[in-house]
>>> print(open('final.pdb').read())   # PDB, C-alpha atoms
ATOM      1  CA  MET A   1      17.786   9.209  27.363  1.00  0.00           C
ATOM      2  CA  SER A   2      16.464   5.675  27.452  1.00  0.00           C
ATOM      3  CA  ASP A   3      13.653   4.318  25.357  1.00  0.00           C
ATOM      4  CA  SER A   4      10.979   2.146  26.831  1.00  0.00           C
ATOM      5  CA  THR A   5       9.063  -0.101  24.519  1.00  0.00           C
ATOM      6  CA  ASN A   6       5.476  -0.904  25.309  1.00  0.00           C
ATOM      7  CA  SER A   7       3.843  -3.867  23.619  1.00  0.00           C
ATOM      8  CA  ALA A   8       0.569  -1.898  23.417  1.00  0.00           C
ATOM      9  CA  LEU A   9       2.198   0.712  21.179  1.00  0.00           C
ATOM     10  CA  PRO A  10       2.206   0.456  17.382  1.00  0.00           C
ATOM     11  CA  PRO A  11       5.503  -0.691  15.817  1.00  0.00           C
ATOM     12  CA  ASN A  12       8.440   1.774  15.946  1.00  0.00           C
ATOM     13  CA  TRP A  13       6.918   3.821  18.809  1.00  0.00           C
ATOM     14  CA  VAL A  14       8.667   4.066  22.182  1.00  0.00           C
ATOM     15  CA  VAL A  15       8.048   5.928  25.428  1.00  0.00           C
ATOM     16  CA  ARG A  16      10.630   8.521  26.443  1.00  0.00           C
ATOM     17  CA  LEU A  17      10.904  10.809  29.444  1.00  0.00           C
ATOM     18  CA  SER A  18      10.856  14.548  28.805  1.00  0.00           C
ATOM     19  CA  LYS A  19      13.704  16.143  30.739  1.00  0.00           C
ATOM     20  CA  SER A  20      12.058  19.569  30.715  1.00  0.00           C
ATOM     21  CA  ARG A  21       8.586  18.438  31.842  1.00  0.00           C
ATOM     22  CA  ASN A  22       9.524  15.218  33.640  1.00  0.00           C
ATOM     23  CA  ILE A  23       6.648  13.337  31.972  1.00  0.00           C
ATOM     24  CA  ASN A  24       6.533  10.638  29.339  1.00  0.00           C
ATOM     25  CA  TYR A  25       6.084  11.324  25.660  1.00  0.00           C
ATOM     26  CA  TYR A  26       5.926   9.057  22.601  1.00  0.00           C
ATOM     27  CA  PHE A  27       8.603   8.914  19.919  1.00  0.00           C
ATOM     28  CA  ASN A  28       8.594   7.132  16.553  1.00  0.00           C
ATOM     29  CA  LYS A  29      12.125   5.815  15.943  1.00  0.00           C
ATOM     30  CA  VAL A  30      11.601   5.595  12.166  1.00  0.00           C
ATOM     31  CA  THR A  31       9.941   8.923  11.347  1.00  0.00           C
ATOM     32  CA  GLY A  32      11.360  10.995  14.223  1.00  0.00           C
ATOM     33  CA  GLU A  33       7.846  12.171  15.129  1.00  0.00           C
ATOM     34  CA  SER A  34       7.102  12.850  18.799  1.00  0.00           C
ATOM     35  CA  GLN A  35       3.816  13.492  20.569  1.00  0.00           C
ATOM     36  CA  TRP A  36       2.396  13.750  24.073  1.00  0.00           C
ATOM     37  CA  ASP A  37      -0.620  11.497  23.484  1.00  0.00           C
ATOM     38  CA  ALA A  38      -0.144   7.764  23.070  1.00  0.00           C
ATOM     39  CA  PRO A  39      -0.267   6.735  19.408  1.00  0.00           C
ATOM     40  CA  THR A  40      -2.992   4.332  18.380  1.00  0.00           C
ATOM     41  CA  SER A  41      -2.935   1.655  15.739  1.00  0.00           C
ATOM     42  CA  SER A  42      -4.789   4.082  13.450  1.00  0.00           C
ATOM     43  CA  ASP A  43      -1.844   6.507  13.897  1.00  0.00           C
ATOM     44  CA  ASP A  44       0.378   3.728  12.629  1.00  0.00           C
ATOM     45  CA  ARG A  45      -1.563   3.430   9.374  1.00  0.00           C
ATOM     46  CA  ARG A  46       0.987   4.284   6.760  1.00  0.00           C
ATOM     47  CA  GLU A  47       0.457   7.936   5.946  1.00  0.00           C
ATOM     48  CA  SER A  48       1.703   7.082   2.505  1.00  0.00           C
ATOM     49  CA  GLU A  49      -1.262   4.820   1.775  1.00  0.00           C
ATOM     50  CA  PRO A  50      -3.506   6.853  -0.483  1.00  0.00           C
ATOM     51  CA  GLN A  51      -7.184   7.119   0.337  1.00  0.00           C
ATOM     52  CA  HIS A  52      -9.703   7.035  -2.499  1.00  0.00           C
ATOM     53  CA  GLY A  53      -8.874   9.799  -4.979  1.00  0.00           C
ATOM     54  CA  GLN A  54      -5.651  10.827  -3.235  1.00  0.00           C
ATOM     55  CA  LYS A  55      -2.096  10.633  -4.503  1.00  0.00           C
ATOM     56  CA  LEU A  56       0.479   8.461  -2.775  1.00  0.00           C
ATOM     57  CA  LYS A  57       2.456  10.461  -0.189  1.00  0.00           C
ATOM     58  CA  MET A  58       6.052   9.549   0.586  1.00  0.00           C
ATOM     59  CA  ARG A  59       8.757  10.862   2.867  1.00  0.00           C
ATOM     60  CA  ALA A  60      12.463  10.391   2.279  1.00  0.00           C
ATOM     61  CA  ARG A  61      15.864  11.818   2.920  1.00  0.00           C
ATOM     62  CA  HIS A  62      18.774  11.575   0.542  1.00  0.00           C
ATOM     63  CA  ILE A  63      22.382  12.379  -0.089  1.00  0.00           C
ATOM     64  CA  LEU A  64      23.150  13.766  -3.530  1.00  0.00           C
ATOM     65  CA  ALA A  65      26.484  13.931  -5.336  1.00  0.00           C
ATOM     66  CA  LYS A  66      26.224  16.143  -8.397  1.00  0.00           C
ATOM     67  CA  HIS A  67      28.632  15.775 -11.321  1.00  0.00           C
ATOM     68  CA  VAL A  68      29.551  17.664 -14.475  1.00  0.00           C
ATOM     69  CA  ARG A  69      26.602  16.155 -16.385  1.00  0.00           C
ATOM     70  CA  SER A  70      24.021  16.997 -13.683  1.00  0.00           C
ATOM     71  CA  ARG A  71      21.207  19.246 -14.872  1.00  0.00           C
ATOM     72  CA  ARG A  72      22.585  22.022 -12.635  1.00  0.00           C
ATOM     73  CA  PRO A  73      26.232  21.282 -11.761  1.00  0.00           C
ATOM     74  CA  SER A  74      26.470  23.645  -8.789  1.00  0.00           C
ATOM     75  CA  SER A  75      25.320  23.481  -5.192  1.00  0.00           C
ATOM     76  CA  TRP A  76      25.352  25.252  -1.838  1.00  0.00           C
ATOM     77  CA  ARG A  77      28.727  23.562  -1.248  1.00  0.00           C
ATOM     78  CA  GLU A  78      30.405  24.198  -4.574  1.00  0.00           C
ATOM     79  CA  GLU A  79      29.680  26.841  -7.212  1.00  0.00           C
ATOM     80  CA  ASN A  80      31.106  24.857 -10.122  1.00  0.00           C
ATOM     81  CA  ILE A  81      31.048  21.070  -9.708  1.00  0.00           C
ATOM     82  CA  THR A  82      33.809  19.373 -11.688  1.00  0.00           C
ATOM     83  CA  ARG A  83      33.580  15.750 -10.468  1.00  0.00           C
ATOM     84  CA  THR A  84      32.891  13.082 -13.085  1.00  0.00           C
ATOM     85  CA  GLU A  85      29.893  10.740 -12.991  1.00  0.00           C
ATOM     86  CA  GLU A  86      32.201   7.932 -11.872  1.00  0.00           C
ATOM     87  CA  GLU A  87      33.636  10.074  -9.066  1.00  0.00           C
ATOM     88  CA  ALA A  88      30.074  10.872  -7.928  1.00  0.00           C
ATOM     89  CA  ARG A  89      29.211   7.146  -7.905  1.00  0.00           C
ATOM     90  CA  GLU A  90      32.357   6.317  -5.924  1.00  0.00           C
ATOM     91  CA  LYS A  91      31.635   9.081  -3.405  1.00  0.00           C
ATOM     92  CA  ILE A  92      28.049   7.917  -2.830  1.00  0.00           C
ATOM     93  CA  LEU A  93      29.089   4.249  -2.603  1.00  0.00           C
ATOM     94  CA  ALA A  94      31.659   5.102   0.076  1.00  0.00           C
ATOM     95  CA  ILE A  95      29.092   7.169   1.991  1.00  0.00           C
ATOM     96  CA  ARG A  96      26.512   4.375   1.767  1.00  0.00           C
ATOM     97  CA  GLU A  97      29.027   1.849   3.092  1.00  0.00           C
ATOM     98  CA  ALA A  98      29.864   4.089   6.078  1.00  0.00           C
ATOM     99  CA  ILE A  99      26.155   4.473   6.903  1.00  0.00           C
ATOM    100  CA  VAL A 100      25.269   0.803   6.466  1.00  0.00           C
ATOM    101  CA  ASN A 101      28.209  -0.396   8.585  1.00  0.00           C
ATOM    102  CA  GLY A 102      27.173   2.016  11.349  1.00  0.00           C
ATOM    103  CA  SER A 103      30.246   4.237  11.411  1.00  0.00           C
ATOM    104  CA  GLN A 104      28.235   7.279  10.194  1.00  0.00           C
ATOM    105  CA  LYS A 105      24.636   8.473  10.642  1.00  0.00           C
ATOM    106  CA  PHE A 106      22.697   9.252   7.461  1.00  0.00           C
ATOM    107  CA  GLU A 107      21.557  12.708   8.568  1.00  0.00           C
ATOM    108  CA  ASP A 108      25.015  13.710   9.797  1.00  0.00           C
ATOM    109  CA  VAL A 109      26.679  12.792   6.505  1.00  0.00           C
ATOM    110  CA  ALA A 110      23.902  14.461   4.502  1.00  0.00           C
ATOM    111  CA  ALA A 111      24.415  17.702   6.424  1.00  0.00           C
ATOM    112  CA  VAL A 112      28.021  18.043   5.249  1.00  0.00           C
ATOM    113  CA  GLU A 113      28.317  15.976   2.051  1.00  0.00           C
ATOM    114  CA  SER A 114      25.050  16.317   0.121  1.00  0.00           C
ATOM    115  CA  ASP A 115      24.926  18.717  -2.827  1.00  0.00           C
ATOM    116  CA  CYS A 116      21.193  19.277  -2.218  1.00  0.00           C
ATOM    117  CA  SER A 117      19.929  22.177  -0.127  1.00  0.00           C
ATOM    118  CA  SER A 118      18.047  19.578   1.966  1.00  0.00           C
ATOM    119  CA  ALA A 119      21.454  18.983   3.600  1.00  0.00           C
ATOM    120  CA  LYS A 120      20.538  21.592   6.214  1.00  0.00           C
ATOM    121  CA  ARG A 121      17.722  19.227   7.303  1.00  0.00           C
ATOM    122  CA  GLY A 122      19.905  16.115   7.289  1.00  0.00           C
ATOM    123  CA  GLY A 123      18.752  15.353   3.751  1.00  0.00           C
ATOM    124  CA  ASP A 124      15.071  15.254   4.770  1.00  0.00           C
ATOM    125  CA  LEU A 125      12.803  16.150   1.867  1.00  0.00           C
ATOM    126  CA  GLY A 126       9.658  15.977   4.001  1.00  0.00           C
ATOM    127  CA  TRP A 127       6.408  14.501   2.718  1.00  0.00           C
ATOM    128  CA  PHE A 128       5.847  14.723  -1.019  1.00  0.00           C
ATOM    129  CA  ASP A 129       3.138  13.607  -3.418  1.00  0.00           C
ATOM    130  CA  GLU A 130       3.505  11.000  -6.082  1.00  0.00           C
ATOM    131  CA  GLY A 131       4.710  12.740  -9.247  1.00  0.00           C
ATOM    132  CA  ALA A 132       6.567  15.520  -7.402  1.00  0.00           C
ATOM    133  CA  MET A 133      10.065  14.037  -7.813  1.00  0.00           C
ATOM    134  CA  GLN A 134      12.079  12.915 -10.808  1.00  0.00           C
ATOM    135  CA  PRO A 135      10.861   9.497 -12.041  1.00  0.00           C
ATOM    136  CA  ALA A 136      14.035   7.546 -11.146  1.00  0.00           C
ATOM    137  CA  PHE A 137      14.057   9.026  -7.641  1.00  0.00           C
ATOM    138  CA  GLU A 138      10.366   8.357  -7.043  1.00  0.00           C
ATOM    139  CA  LYS A 139      10.622   4.796  -8.357  1.00  0.00           C
ATOM    140  CA  ALA A 140      13.465   4.118  -5.912  1.00  0.00           C
ATOM    141  CA  VAL A 141      11.519   5.573  -2.952  1.00  0.00           C
ATOM    142  CA  LYS A 142       8.462   3.457  -3.789  1.00  0.00           C
ATOM    143  CA  ALA A 143      10.628   0.310  -3.880  1.00  0.00           C
ATOM    144  CA  LEU A 144      12.007   0.915  -0.367  1.00  0.00           C
ATOM    145  CA  LYS A 145      10.475  -0.071   2.944  1.00  0.00           C
ATOM    146  CA  VAL A 146      10.429   2.556   5.707  1.00  0.00           C
ATOM    147  CA  GLY A 147      13.905   2.727   7.237  1.00  0.00           C
ATOM    148  CA  GLU A 148      15.560   1.031   4.255  1.00  0.00           C
ATOM    149  CA  ILE A 149      18.456   2.662   2.369  1.00  0.00           C
ATOM    150  CA  SER A 150      18.699   2.390  -1.405  1.00  0.00           C
ATOM    151  CA  MET A 151      21.579   1.375  -3.552  1.00  0.00           C
ATOM    152  CA  LEU A 152      22.794   4.095  -5.935  1.00  0.00           C
ATOM    153  CA  VAL A 153      20.041   5.998  -7.713  1.00  0.00           C
ATOM    154  CA  GLU A 154      20.899   8.086 -10.740  1.00  0.00           C
ATOM    155  CA  SER A 155      18.705  10.998 -11.797  1.00  0.00           C
ATOM    156  CA  ASP A 156      19.113  14.172 -13.819  1.00  0.00           C
ATOM    157  CA  SER A 157      20.310  15.835 -10.613  1.00  0.00           C
ATOM    158  CA  GLY A 158      23.154  13.387  -9.992  1.00  0.00           C
ATOM    159  CA  VAL A 159      23.788  10.247  -7.916  1.00  0.00           C
ATOM    160  CA  HIS A 160      21.807   9.647  -4.727  1.00  0.00           C
ATOM    161  CA  ILE A 161      21.286   7.271  -1.874  1.00  0.00           C
ATOM    162  CA  ILE A 162      17.843   7.463  -0.362  1.00  0.00           C
ATOM    163  CA  GLU A 163      16.330   6.452   2.951  1.00  0.00           C
ATOM    164  CA  ARG A 164      12.577   6.053   3.012  1.00  0.00           C
ATOM    165  CA  MET A 165      11.078   7.664   6.088  1.00  0.00           C
ATOM    166  CA  GLY A 166       7.370   7.260   5.392  1.00  0.00           C
TER     167      GLY A 166
END
>>> encode(input="final.pdb", output="structure tokens")
Amino acid sequence: MSDSTNSALPPNWVVRLSKSRNINYYFNKVTGESQWDAPTSSDDRRESEPQHGQKLKMRARHILAKHVRSRRPSSWREENITRTEEEAREKILAIREAIVNGSQKFEDVAAVESDCSSAKRGGDLGWFDEGAMQPAFEKAVKALKVGEISMLVESDSGVHIIERMG
């Protein structure tokens, strides 16, 4: 499926052809959102920008490696996690390198390697409000630009890499 960029579209939006309907639709390459109607510049307003009286909304996906000192050292993958903190760091660093150099896709690695149940969604945590995540995790998400991947982030859950999606 080929993407067609249109200079009238907001950044990150492309036109694609629906194989089932044989008509064009619009796809956001950063958020993965698709829609039939052409997006407008108001659609491109960062959904994470809070309006008066609202909390900041963010969207991210992550890959988590738990370790023996994690607040809950078990996961959907492993009932009793025995890896050390250093082993968790090494694992996440190797995963990050594979993603950054293009040999692996973030969501594909998350689906098989992440110790978080979000693995079944490619690590996607969906939209969340400011204050909903652990402080170290939230601070890292806020520091990222959309599409950017963090360095290692350590929280009570374990060691993460995070990609900001919105």
>>> atom_distance(input="final.pdb", atom1="CA of Lys57 (chain A)", atom2="CA of Asp129 (chain A)")
4.6 Å
>>> residues_around(input="final.pdb", residues="Glu113 (chain A)", least_positions_apart="3", cutoff="9 Å", atoms="all atoms listed in the file", output="ChimeraX atom specification")
/A:63-65,77,95,108-110,116,119
>>> residues_around(input="final.pdb", residues="Glu85 (chain A)", least_positions_apart="5", cutoff="10 Å", atoms="all atoms listed in the file", output="ChimeraX atom specification")
/A:65-70,90-91,154,158-159
>>> residues_around(input="final.pdb", residues="region 145-147 of chain A", least_positions_apart="2", cutoff="8 Å", atoms="all atoms listed in the file", output="ChimeraX atom specification")
/A:30,142-143,149,163-166
>>> write_last_selection(input="final.pdb", atoms="C-alpha atoms", output="PDB file, keeping the file's coordinate frame")
ATOM      1  CA  VAL A  30      11.601   5.595  12.166  1.00  0.00           C
ATOM      2  CA  LYS A 142       8.462   3.457  -3.789  1.00  0.00           C
ATOM      3  CA  ALA A 143      10.628   0.310  -3.880  1.00  0.00           C
ATOM      4  CA  ILE A 149      18.456   2.662   2.369  1.00  0.00           C
ATOM      5  CA  GLU A 163      16.330   6.452   2.951  1.00  0.00           C
ATOM      6  CA  ARG A 164      12.577   6.053   3.012  1.00  0.00           C
ATOM      7  CA  MET A 165      11.078   7.664   6.088  1.00  0.00           C
ATOM      8  CA  GLY A 166       7.370   7.260   5.392  1.00  0.00           C
TER       9      GLY A 166
END
>>> closest_residue(input="final.pdb", among="A:Ala98, A:Met133, A:Ile23, A:Ala38", to="Pro10 (chain A)", atoms="all atoms listed in the file")
A:Ala38
>>> residues_near_point(input="final.pdb", point="(8.9, 15.2, -3.1)", cutoff="9 Å", atoms="all atoms listed in the file", output="MDAnalysis selection string")
chainID A and resid 57:60 125:134 138
>>> closest_residue(input="final.pdb", among="A:Ile161, A:Pro73, A:Glu86, A:Glu33", to="Val141 (chain A)", atoms="only C-alpha atoms")
A:Ile161
>>> closest_residue(input="final.pdb", among="A:Lys139, A:Arg16, A:Arg96, A:Arg89", to="His62 (chain A)", atoms="all atoms listed in the file")
A:Arg96
>>> atom_distance(input="final.pdb", atom1="CA of Asn28 (chain A)", atom2="CA of Trp13 (chain A)")
4.3 Å
>>> atom_distance(input="final.pdb", atom1="CA of Gly123 (chain A)", atom2="CA of Glu107 (chain A)")
6.2 Å
>>> resolve_selection(input="final.pdb", expression="the PyMOL selection byres ((chain A and resi 26) around 10)", output="list in words")
Asp3, Ser4, Thr5, Leu9, Trp13, Val14, Val15, Arg16, Leu17, Ser18, Asn24, Tyr25, Phe27, Asn28, Lys29, Glu33, Ser34, Gln35, Trp36, Asp37, Ala38 and Pro39 of chain A
>>> closest_residue(input="final.pdb", among="A:Ile162, A:Val112, A:Ile92, A:Met151", to="Asp124 (chain A)", atoms="all atoms listed in the file")
A:Ile162
>>> closest_residue(input="final.pdb", among="A:Thr31, A:Leu152, A:Ser74, A:Ser157", to="Ala94 (chain A)", atoms="only C-alpha atoms")
A:Leu152
